[in-house]
Structures are given as C-alpha cells and as structure tokens.
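Shown next, in structure tokens, is the structure this report addresses.
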Amino acid sequence: FEMDSTFGITGEGFAILAADASAARSILVFKHDQDKIVALDSHKLLVGAGTAADCVNFNEYISKNMKLYELNNDLQLTTKSAANFIRGELATALRKGPYQTNLLLAGYDSTPSSQNGSVSLYVMDYMASLSKTDYGAHGYASNFILSVMDREWRKGMNLTEVLEVAKKCIHELNTRFMISQPVFIVKLVDKDGTRVIDINNP
Amino acid sequence: KIQMSRRYDQSTTTFSPEGRLHQVEYAIEAINNAGTCVGLQCADGIVLCAERKVVSKLLAPSKTSEKTYTVDDHVVCLVAGLTSDANILINQSRLGSQRYLYKYQEPMPVEQVVKSICNYKQAYTQYGGLRPFGVAFLFAGWDRNFGYQLYQTDPSGNYSGWKATVIGQNNQAGKSILKTDYSENNSLDKNLKIAVKILLKTMDSTSPSPDRIELSTIVRNADGDIKHVTLKDAQVQKFIDEIQKEEEVEQKKSEASTGDI
C-alpha cells in the first residue's frame, strides 16, 4: 500500500504527475513498465497508489463515468468538480467496501471567455480526504519527497525547473529509500492536453 | 378535432393510428389558456415577465408567486399551466440542482437542469398510464459554459433554447411583437419595455395594472453573483405609462394620415 511512490508538482500553466513503474508483490517485481497514471479526459491526469486491483478498478470507473458525463452533456467537468466527484465516490465506498487507493489529480481548465486557463493539483487519500495543493506525494516516498519539495518548490516555475525538482525527488529516493524503483513514468498536463514526457529530455 | 381521435386519446401510453399522442397534445393545449410568460435575452442579462391572473379580490396576498420560482442561485423559472403540477416539477428540479452541487461542488449547468426536468416529464408520457404534467416552463439562468440562457419546456418533455419567446395565452400575438421589436443587440432596458408591451397586448384587460404583471431581470454582477431582481410596482407602472403614451401618439398619427377633414 505504501510501496508505490507517486508525486505531483504544479508549475506556470502546467502540472506533472510522476509514479514509479514497478508492479510488485512481496519480494517479487513483476514488471518495470506499469503505467499507473491515467488520462481521465483530454486535460486531466489521475494517478493511484495502493492495492493494484483497487487502483486500476477505481481509475477505470472514474474515467468511464467522466466519459459518460462528456457524452451526455457535451461538456467536460472542471478539475475542481472532477476532484469532488472522485472524493464523493471514495466517501460513499468508505463505509461499505473502501477503495484502497491514494490519488493525485492534476488538471487544466480553460475558461470559455479567455485564453488564460489555470492548472490545479488535488491530493486525495483512501479515506476520502481532499486538498488542493501546489505539490503533493503519497506512500513511504512522501516522507522523502515532501521534504525536498518544501525546500525546492517556488511559485511560477517553468518546465525545466519543475523537472529539476522532480529529478531531485527521484534521486533522494534512489539514495535513501530501501525499495529500489529504477523507472519512473512522468506525465504532463497543460493547455495542449496530456502527454508523457522524458524527465531528461522534455 | 375529428371524432376518430376519441378512441385513442384516453391513455397516454397509446399512439393514435396517425402516430400521435393525444393526451400529450391536449396537455400542450392546456398551456394556451394560462397566464402569458415572456423571456428576452440580451448580452447583459435576461428579462422575464409574467401575467398574474388575479381571480378574486378576496384572495389573501401571497408571500410567494405562482408564476416565478427560484430553482437555484443561478436558475429561475416562469410557470405556465397547472400550478399544482408545477410545484412538483419545481421541487424535482431544485432537488436535482442541489444533488449536482453536492456531488460536483459546482452549480449545475442550466441546460442540464432543464434536461433533467424534461426527462422527468417525458416519463409521464410513456410509462405508468399517468397523465402528463400540464405545465410549460421558461427557464432562465447563467453558467460558465454558455453564459445567459433561456429555455422553454412543454408537457411532452421537449425543450428548446431561445433568444426570446412567449408562452401561454395569446403567445402568437406576443411572438409577432418580438419579430418586429426584438433584436439580440437590445439593451436590458429596451427588453424590459418590450416585455411589458407584450403583456399589455396579451392580457385580456382594458385597465392593466402592475399588480397583474411580474417583471424581473437576471443579471450577473461584477462580483460574479447572479442576481434575480423583481421590479417594483412603480417601475412597472412607468413602463405601462410610457407604452400607453406611445400608442396614443401612434394612433393620432394614423388617424391624421387617413385624412380627416
């Protein structure tokens, strides 16, 4: 549950989500290319950390419900309303059969009237808490990553600067975290949508 | 109406041989006897106007209106038809709007409010053998997706978006006034006057008075709050006086031009 390392950072007009790409059970690693970050729609990313089955199941459930909303209403939800919808689903399930998944949601909202949209990052845990933050992380890794980000993050950073911070976070994990996670998948969301980026070569 | 329709009009859930649902059509007819409702949209807001049919002077003055209802902070509606039916539907739409707000923490887009109440109405034309709701609405509101919007619904569960429209008694006369007087570029004030003018034409009264006219506007102010403001009797009277004076001038002009000696 705590083994997955996930984090998110916002910059000027964009946000990145990063997750380790290891799928493991006990001492065995199945694969090093597990993509835990799902695009909910053209301008939203969701990453789930925790029990693999719950993460996948919940992400797919949310993703398809959002698609249904889009088809029914010819509209996309804003990041805020998506975050609250997701939190509501976690809350409803909490006292029946909770989803064991900690989430990070990053999204870009354009305003119909102007070109300047805004980016937002939401941190949710499996108990259905919700916070809007500038950066966040889950799992054991958060013990290391949050300290790095507390020191390095500033408002209005560009992509190169944010990726530098991300690299520092991953380097900290490689140095001090007991579990080896050699591969991280990083995805970005901005006004042009979502895409995978190479942390060394954006 | 041809005698043939009698056999197929008792149940809502039966098509006639011509492929019509008579019960739904009769419900739509019922609206045409209701107090007129007008809605006009412009860049700065929406004007709403309704005729309140005062049945008796003995009626106690009501705290609430039978024509204008608030569905949510950002959506208001006018009712034409059976008040009792309307109350059920308005409760439903309020419920739906608050449920959306609870789920998404954002106001329900206006079209979705309308759609949900229309789907509710439609069910009564297809299932259960119950009669349709004898109500037509004018929904007016603002949301961040499409700004100001005006929608009309009818008992069939159909809805359509309008820049300006009239429903209820004498709506054809109202619509022809819209054709000549309404333009998208009108100011809010101009639309207010047109709304009152339409009501004066459609009301069957020789002595129109503000207590029979509900005139209001929906405007989003600089802070982003949507305000629904009902105009006071004195303001309505001012419009009535202006319009009546203009009509007198028009009449004198046409009398003069017909060439009296």
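Just remember, in the structure tokens the first chain shown is A, the second B, etc., residues are 1-based per chain, and ligands are 1-based in the order shown.
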Find the residues of chain B that sit at most 9 Å from chain A; for each, write down the nearest two atoms and how far apart they are in Å, to one decimal. Count only C-alpha atoms. Sort by chain, then by number going up, and give it as a Markdown table.
```
| residue | atom | partner | partner_atom | distance |
| --- | --- | --- | --- | --- |
| B:Tyr102 | CA | A:Asn84 | CA | 8.7 |
| B:Lys103 | CA | A:Phe85 | CA | 5.5 |
| B:Tyr104 | CA | A:Ser81 | CA | 4.4 |
| B:Gln105 | CA | A:Ser81 | CA | 5.9 |
| B:Glu106 | CA | A:Ser81 | CA | 6.3 |
| B:Glu111 | CA | A:Asn73 | CA | 8.5 |
| B:Gln112 | CA | A:Asn73 | CA | 7.3 |
| B:Arg144 | CA | A:Pro112 | CA | 7.4 |
| B:Asn145 | CA | A:Pro112 | CA | 6.5 |
| B:Phe146 | CA | A:Pro112 | CA | 8.1 |
```
_Test item: residues at most 9 Å from B:Thr12, only C-alpha atoms, excluding those fewer than 6 positions along its chain, as number ranges by chain_ = B: 21-24, 124-132
Those selected residues, please, written with all heavy atoms and delivered as an mmCIF file, in the first residue's frame.
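Writing done, so here's out.cif:
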```cif
data_model
loop_
_atom_site.group_PDB
_atom_site.id
_atom_site.type_symbol
_atom_site.label_atom_id
_atom_site.label_comp_id
_atom_site.auth_asym_id
_atom_site.auth_seq_id
_atom_site.Cartn_x
_atom_site.Cartn_y
_atom_site.Cartn_z
ATOM 1 N N LEU B 21 -49.761 11.268 -29.973
ATOM 2 C CA LEU B 21 -50.110 11.021 -28.576
ATOM 3 C C LEU B 21 -51.075 12.127 -28.168
ATOM 4 O O LEU B 21 -50.665 13.248 -27.856
ATOM 5 C CB LEU B 21 -48.857 11.063 -27.688
ATOM 6 C CG LEU B 21 -47.843 9.957 -27.892
ATOM 7 C CD1 LEU B 21 -46.540 10.292 -27.188
ATOM 8 C CD2 LEU B 21 -48.392 8.626 -27.381
ATOM 9 N N HIS B 22 -52.350 11.798 -28.184
ATOM 10 C CA HIS B 22 -53.345 12.853 -27.988
ATOM 11 C C HIS B 22 -53.292 13.473 -26.606
ATOM 12 O O HIS B 22 -53.436 14.689 -26.458
ATOM 13 C CB HIS B 22 -54.749 12.310 -28.282
ATOM 14 C CG HIS B 22 -54.997 12.130 -29.740
ATOM 15 N ND1 HIS B 22 -55.055 13.183 -30.613
ATOM 16 C CD2 HIS B 22 -55.157 11.019 -30.486
ATOM 17 C CE1 HIS B 22 -55.269 12.734 -31.842
ATOM 18 N NE2 HIS B 22 -55.330 11.422 -31.787
ATOM 19 N N GLN B 23 -53.074 12.633 -25.583
ATOM 20 C CA GLN B 23 -53.027 13.171 -24.222
ATOM 21 C C GLN B 23 -51.956 14.236 -24.086
ATOM 22 O O GLN B 23 -52.139 15.265 -23.435
ATOM 23 C CB GLN B 23 -52.748 12.049 -23.207
ATOM 24 C CG GLN B 23 -53.978 11.288 -22.783
ATOM 25 C CD GLN B 23 -54.953 12.186 -22.042
ATOM 26 O OE1 GLN B 23 -54.622 12.796 -21.044
ATOM 27 N NE2 GLN B 23 -56.162 12.270 -22.561
ATOM 28 N N VAL B 24 -50.805 13.985 -24.708
ATOM 29 C CA VAL B 24 -49.720 14.967 -24.640
ATOM 30 C C VAL B 24 -50.141 16.246 -25.363
ATOM 31 O O VAL B 24 -49.909 17.360 -24.889
ATOM 32 C CB VAL B 24 -48.419 14.394 -25.259
ATOM 33 C CG1 VAL B 24 -47.313 15.415 -25.232
ATOM 34 C CG2 VAL B 24 -47.990 13.130 -24.529
ATOM 35 N N TYR B 124 -43.721 10.549 -17.879
ATOM 36 C CA TYR B 124 -45.174 10.531 -17.694
ATOM 37 C C TYR B 124 -45.924 10.509 -19.022
ATOM 38 O O TYR B 124 -47.153 10.530 -19.030
ATOM 39 C CB TYR B 124 -45.618 11.749 -16.862
ATOM 40 C CG TYR B 124 -45.266 11.606 -15.407
ATOM 41 C CD1 TYR B 124 -43.971 11.775 -14.958
ATOM 42 C CD2 TYR B 124 -46.233 11.266 -14.468
ATOM 43 C CE1 TYR B 124 -43.636 11.622 -13.632
ATOM 44 C CE2 TYR B 124 -45.916 11.115 -13.129
ATOM 45 C CZ TYR B 124 -44.611 11.288 -12.719
ATOM 46 O OH TYR B 124 -44.285 11.141 -11.394
ATOM 47 N N THR B 125 -45.183 10.493 -20.128
ATOM 48 C CA THR B 125 -45.865 10.330 -21.411
ATOM 49 C C THR B 125 -45.654 8.926 -21.952
ATOM 50 O O THR B 125 -46.148 8.594 -23.026
ATOM 51 C CB THR B 125 -45.327 11.329 -22.456
ATOM 52 O OG1 THR B 125 -43.987 10.971 -22.813
ATOM 53 C CG2 THR B 125 -45.345 12.741 -21.932
ATOM 54 N N GLN B 126 -44.892 8.124 -21.183
ATOM 55 C CA GLN B 126 -44.575 6.806 -21.722
ATOM 56 C C GLN B 126 -44.887 5.659 -20.766
ATOM 57 O O GLN B 126 -45.315 4.590 -21.185
ATOM 58 C CB GLN B 126 -43.086 6.763 -22.102
ATOM 59 C CG GLN B 126 -42.744 5.600 -22.988
ATOM 60 C CD GLN B 126 -41.306 5.632 -23.474
ATOM 61 O OE1 GLN B 126 -40.516 6.457 -23.041
ATOM 62 N NE2 GLN B 126 -40.976 4.721 -24.367
ATOM 63 N N TYR B 127 -44.639 5.888 -19.461
ATOM 64 C CA TYR B 127 -44.854 4.777 -18.519
ATOM 65 C C TYR B 127 -46.004 5.037 -17.584
ATOM 66 O O TYR B 127 -46.384 6.175 -17.343
ATOM 67 C CB TYR B 127 -43.614 4.558 -17.632
ATOM 68 C CG TYR B 127 -42.312 4.629 -18.324
ATOM 69 C CD1 TYR B 127 -41.437 5.683 -18.100
ATOM 70 C CD2 TYR B 127 -41.921 3.624 -19.214
ATOM 71 C CE1 TYR B 127 -40.225 5.740 -18.723
ATOM 72 C CE2 TYR B 127 -40.700 3.694 -19.842
ATOM 73 C CZ TYR B 127 -39.850 4.756 -19.600
ATOM 74 O OH TYR B 127 -38.647 4.821 -20.227
ATOM 75 N N GLY B 128 -46.536 3.990 -17.001
ATOM 76 C CA GLY B 128 -47.371 4.100 -15.804
ATOM 77 C C GLY B 128 -48.828 4.441 -16.046
ATOM 78 O O GLY B 128 -49.626 4.345 -15.124
ATOM 79 N N GLY B 129 -49.165 4.868 -17.272
ATOM 80 C CA GLY B 129 -50.564 5.213 -17.512
ATOM 81 C C GLY B 129 -51.023 6.438 -16.757
ATOM 82 O O GLY B 129 -52.218 6.651 -16.556
ATOM 83 N N LEU B 130 -50.061 7.280 -16.320
ATOM 84 C CA LEU B 130 -50.429 8.508 -15.623
ATOM 85 C C LEU B 130 -50.484 9.651 -16.622
ATOM 86 O O LEU B 130 -49.801 9.621 -17.633
ATOM 87 C CB LEU B 130 -49.382 8.822 -14.547
ATOM 88 C CG LEU B 130 -49.198 7.732 -13.494
ATOM 89 C CD1 LEU B 130 -47.917 7.974 -12.724
ATOM 90 C CD2 LEU B 130 -50.378 7.695 -12.554
ATOM 91 N N ARG B 131 -51.260 10.678 -16.286
ATOM 92 C CA ARG B 131 -51.366 11.778 -17.251
ATOM 93 C C ARG B 131 -50.097 12.630 -17.226
ATOM 94 O O ARG B 131 -49.362 12.636 -16.240
ATOM 95 C CB ARG B 131 -52.584 12.656 -16.939
ATOM 96 C CG ARG B 131 -52.473 13.431 -15.647
ATOM 97 C CD ARG B 131 -53.485 14.579 -15.623
ATOM 98 N NE ARG B 131 -53.471 15.267 -14.341
ATOM 99 C CZ ARG B 131 -52.573 16.204 -14.019
ATOM 100 N NH1 ARG B 131 -51.635 16.558 -14.883
ATOM 101 N NH2 ARG B 131 -52.626 16.787 -12.841
ATOM 102 N N PRO B 132 -49.848 13.341 -18.335
ATOM 103 C CA PRO B 132 -48.669 14.205 -18.359
ATOM 104 C C PRO B 132 -48.852 15.415 -17.440
ATOM 105 O O PRO B 132 -49.958 15.723 -17.014
ATOM 106 C CB PRO B 132 -48.577 14.663 -19.812
ATOM 107 C CG PRO B 132 -49.487 13.786 -20.577
ATOM 108 C CD PRO B 132 -50.537 13.316 -19.627
#
```
*So which bits of stretch 6-183 of chain A end up helix (DSSP H, G or I) when you DSSP the backbone, as a PyMOL selection string?*
chain A and resi 52-73+79-94+141-152+159-176
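Taking atom CA of B:Thr70 and atom CA of B:Phe239 as endpoints, the distance between them is 24.6 Å.
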_DSSP strand (DSSP E or B) residues within stretch 14-130 of chain B, as a list in words_ = Cys37, Val38, Gly39, Leu40, Gln41, Cys42, Gly45, Ile46, Val47, Leu48, Cys49, Ala50, Glu51, Thr68, Tyr69, Thr70, Val71, Asp72, Val75, Val76, Cys77, Leu78, Val79, Ala80 and Gly81 of chain B
*Out of B:Ala140, B:Val113, B:Met203, B:Ala164, which residue has the shortest atom-to-atom distance to B:Val54 when counting only C-alpha atoms?*
B:Met203
*Pick out the residues sitting within 6 Å of A:Gly107, and hand them over as a PyMOL selection string; count only C-alpha atoms, and ignore anything fewer than 5 positions along from it in its own chain.*
chain A and resi 43-44+79+119-120
_Among the residues B:Ile243, B:Ile117, B:Ala80, B:Leu231, the one that comes closest to B:Lys193 [using only C-alpha atoms]_ =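 Under the stated criterion, the closest residue is B:Ile243.
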*Select, from A:Asp125, A:Asp33, A:Glu152, A:Glu164, the residue with the minimum atom-to-atom distance to A:Glu2, counting only C-alpha atoms.*
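Smallest distance to A:Glu2 is found for A:Asp125.
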*All residues 12 Å or closer to A:Arg151, only C-alpha atoms, same chain fewer than 2 positions away omitted, as a list in words*: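 Once the adjacent positions are removed, what remains is Tyr135, Phe144, Ile145, Leu146, Ser147, Val148, Met149, Trp153, Arg154, Val165, Lys168 and Cys169 of chain A.
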Restricting the output to N, CA, C and O atoms, write the selected residues as a PDB file, in the first residue's frame.
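Output (selection_12.pdb):
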```pdb
ATOM      1  N   TYR A 135       1.912  21.084  -4.601  1.00  0.00           N
ATOM      2  CA  TYR A 135       2.643  19.850  -4.856  1.00  0.00           C
ATOM      3  C   TYR A 135       2.222  18.827  -3.823  1.00  0.00           C
ATOM      4  O   TYR A 135       1.726  19.175  -2.754  1.00  0.00           O
ATOM      5  N   PHE A 144      10.227  11.318   2.036  1.00  0.00           N
ATOM      6  CA  PHE A 144      11.441  11.905   1.459  1.00  0.00           C
ATOM      7  C   PHE A 144      11.099  13.058   0.518  1.00  0.00           C
ATOM      8  O   PHE A 144      11.721  14.127   0.563  1.00  0.00           O
ATOM      9  N   ILE A 145      10.102  12.810  -0.342  1.00  0.00           N
ATOM     10  CA  ILE A 145       9.793  13.752  -1.419  1.00  0.00           C
ATOM     11  C   ILE A 145       9.275  15.085  -0.904  1.00  0.00           C
ATOM     12  O   ILE A 145       9.675  16.150  -1.391  1.00  0.00           O
ATOM     13  N   LEU A 146       8.394  15.059   0.083  1.00  0.00           N
ATOM     14  CA  LEU A 146       7.806  16.313   0.558  1.00  0.00           C
ATOM     15  C   LEU A 146       8.878  17.240   1.117  1.00  0.00           C
ATOM     16  O   LEU A 146       8.820  18.464   0.917  1.00  0.00           O
ATOM     17  N   SER A 147       9.875  16.654   1.779  1.00  0.00           N
ATOM     18  CA  SER A 147      10.951  17.499   2.317  1.00  0.00           C
ATOM     19  C   SER A 147      11.709  18.186   1.195  1.00  0.00           C
ATOM     20  O   SER A 147      12.054  19.371   1.299  1.00  0.00           O
ATOM     21  N   VAL A 148      12.010  17.410   0.160  1.00  0.00           N
ATOM     22  CA  VAL A 148      12.719  18.000  -0.984  1.00  0.00           C
ATOM     23  C   VAL A 148      11.889  19.117  -1.601  1.00  0.00           C
ATOM     24  O   VAL A 148      12.382  20.215  -1.871  1.00  0.00           O
ATOM     25  N   MET A 149      10.594  18.865  -1.809  1.00  0.00           N
ATOM     26  CA  MET A 149       9.745  19.853  -2.471  1.00  0.00           C
ATOM     27  C   MET A 149       9.533  21.082  -1.587  1.00  0.00           C
ATOM     28  O   MET A 149       9.477  22.213  -2.086  1.00  0.00           O
ATOM     29  N   TRP A 153      10.522  23.974  -4.109  1.00  0.00           N
ATOM     30  CA  TRP A 153       9.415  24.483  -4.918  1.00  0.00           C
ATOM     31  C   TRP A 153       9.223  25.981  -4.731  1.00  0.00           C
ATOM     32  O   TRP A 153       9.285  26.506  -3.610  1.00  0.00           O
ATOM     33  N   ARG A 154       9.027  26.669  -5.873  1.00  0.00           N
ATOM     34  CA  ARG A 154       8.649  28.078  -5.827  1.00  0.00           C
ATOM     35  C   ARG A 154       7.485  28.277  -6.771  1.00  0.00           C
ATOM     36  O   ARG A 154       7.294  27.505  -7.721  1.00  0.00           O
ATOM     37  N   VAL A 165      13.368  19.738  -9.996  1.00  0.00           N
ATOM     38  CA  VAL A 165      12.850  19.361  -8.676  1.00  0.00           C
ATOM     39  C   VAL A 165      12.457  17.886  -8.680  1.00  0.00           C
ATOM     40  O   VAL A 165      12.780  17.134  -7.754  1.00  0.00           O
ATOM     41  N   LYS A 168      15.426  15.729  -8.468  1.00  0.00           N
ATOM     42  CA  LYS A 168      15.966  15.719  -7.104  1.00  0.00           C
ATOM     43  C   LYS A 168      15.169  14.763  -6.220  1.00  0.00           C
ATOM     44  O   LYS A 168      15.741  14.051  -5.387  1.00  0.00           O
ATOM     45  N   CYS A 169      13.837  14.763  -6.418  1.00  0.00           N
ATOM     46  CA  CYS A 169      12.977  13.856  -5.634  1.00  0.00           C
ATOM     47  C   CYS A 169      13.353  12.406  -5.921  1.00  0.00           C
ATOM     48  O   CYS A 169      13.529  11.599  -4.997  1.00  0.00           O
TER      49      CYS A 169
END
```
Contacts of A:Asp20 within 6 Å, only C-alpha atoms, excl. fewer than 3 positions in-chain, as a compact mmCIF listing (two decimals) with N, CA, C and O atoms, in the first residue's frame:
```txt
# COMPACT_ATOMS: atom_id res chain seq x y z
N SER A 5 5.43 4.85 -5.13
CA SER A 5 5.90 6.24 -4.99
C SER A 5 5.21 7.08 -6.04
O SER A 5 5.40 6.86 -7.23
N VAL A 183 12.62 2.85 -12.42
CA VAL A 183 11.94 3.54 -13.52
C VAL A 183 10.77 4.37 -12.99
O VAL A 183 9.97 3.90 -12.18
N PHE A 184 10.71 5.64 -13.45
CA PHE A 184 9.56 6.49 -13.15
C PHE A 184 8.91 6.94 -14.45
O PHE A 184 9.60 7.29 -15.41
```
*Which one is closest to B:Ile88: B:Lys57, B:Lys115, B:Lys197, B:Lys121? Count only C-alpha atoms.*
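With only C-alpha atoms as the atom set, the closest residue is B:Lys121.
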*Write out as an NGL selection string which residues come within 12 Å of A:Ile179 when counting only C-alpha atoms, dropping same-chain ones fewer than 3 positions away.*
:A and (2-5 or 20 or 22 or 24 or 26-29 or 139-141 or 173-176 or 182)
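Nearest to B:Thr202 of all the residues B:Glu18, B:Glu51, B:Asp241, B:Glu247 is B:Glu51, based on only C-alpha atoms.
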*asked:* List the spatial neighbours of B:His74 as a count of residues only - criterion: any atom at most 10 Å away, only C-alpha atoms, same-chain residues fewer than 2 positions off excluded.
replied: 20
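Note that atom CA of A:Met124 and atom CA of A:His138 are 9.2 Å apart.
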*Distance of atom CA of B:Ala43 from atom CA of B:Gly147, expressed in Å to one decimal place*: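 The value is 9.0 Å.
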